[in-house]
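Trainee: First, the structure itself, so that you have it in front of you.
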Amino acid sequence: MSEREDDLEQQTIELHFQQAMHQTKKKAVLLTPNGECYNCDESIDHDQLFCDVDCRDDYEKRKRAESQRLY
Ligand SMILES: [Zn+2]
């Protein structure tokens, strides 16, 4: 049946995933300022990503925890 194809598809997905993870690590946090804190959704200046350093740290910690949970 299509067992081999499924296997190949699975490998492709994993490859894409690894590439995405690699890019995420390389670029660190690549976010676009949207007028809201990425951590607590508070309204902030449009050139800011977070309302303060604590929120940035929280967000990065959460992101790191999320990416580790995938494995
Ligand atoms: Zn915030």
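Identifiers in the structure tokens: chain A, B, ... in order shown; residue index from 1 per chain; ligand index from 1 in order shown.
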Hey, which residues sit close to ligand 1? Say within 9 Å, counting only C-alpha atoms and all ligand atoms, and write them as a VMD selection string.

Mentor: chain A and resid 36 to 44 49 to 56 58 to 59

Trainee: Extract the full set of helix (DSSP H, G or I) residues from chain A according to DSSP on the backbone, and format it as an MDAnalysis selection string.

Mentor: chainID A and resid 3:27 53:69

Trainee: Let me see the file: selected residues, C-alpha atoms, as a tab-separated table (two decimals), in the first residue's frame.

Mentor:
chain	number	residue	atom	x	y	z
A	3	GLU	CA	3.25	2.76	3.60
A	4	ARG	CA	6.44	4.00	2.01
A	5	GLU	CA	4.82	7.23	0.95
A	6	ASP	CA	3.54	7.85	4.44
A	7	ASP	CA	7.01	7.23	5.74
A	8	LEU	CA	8.48	9.66	3.27
A	9	GLU	CA	5.88	12.26	4.12
A	10	GLN	CA	6.62	11.87	7.79
A	11	GLN	CA	10.31	12.40	7.13
A	12	THR	CA	9.58	15.48	5.07
A	13	ILE	CA	7.47	16.92	7.85
A	14	GLU	CA	10.21	16.26	10.36
A	15	LEU	CA	12.77	17.86	8.10
A	16	HIS	CA	10.63	20.97	7.70
A	17	PHE	CA	10.09	21.04	11.42
A	18	GLN	CA	13.81	20.80	12.13
A	19	GLN	CA	14.53	23.56	9.66
A	20	ALA	CA	11.89	25.73	11.24
A	21	MET	CA	13.29	25.07	14.69
A	22	HIS	CA	16.77	25.84	13.46
A	23	GLN	CA	15.64	29.14	11.98
A	24	THR	CA	13.77	30.02	15.14
A	25	LYS	CA	16.92	29.47	17.16
A	26	LYS	CA	19.08	31.40	14.73
A	27	LYS	CA	16.83	34.40	14.50
A	53	VAL	CA	11.73	43.62	30.34
A	54	ASP	CA	9.85	41.23	32.61
A	55	CYS	CA	7.27	40.58	29.92
A	56	ARG	CA	9.98	39.97	27.38
A	57	ASP	CA	11.67	37.48	29.69
A	58	ASP	CA	8.37	35.78	30.46
A	59	TYR	CA	7.59	35.47	26.79
A	60	GLU	CA	10.98	34.03	25.92
A	61	LYS	CA	10.78	31.56	28.80
A	62	ARG	CA	7.35	30.47	27.66
A	63	LYS	CA	8.49	30.09	24.07
A	64	ARG	CA	11.45	28.02	25.14
A	65	ALA	CA	9.25	25.79	27.30
A	66	GLU	CA	6.83	25.35	24.41
A	67	SER	CA	9.54	24.34	21.97
A	68	GLN	CA	10.99	21.83	24.45
A	69	ARG	CA	7.58	20.28	25.03
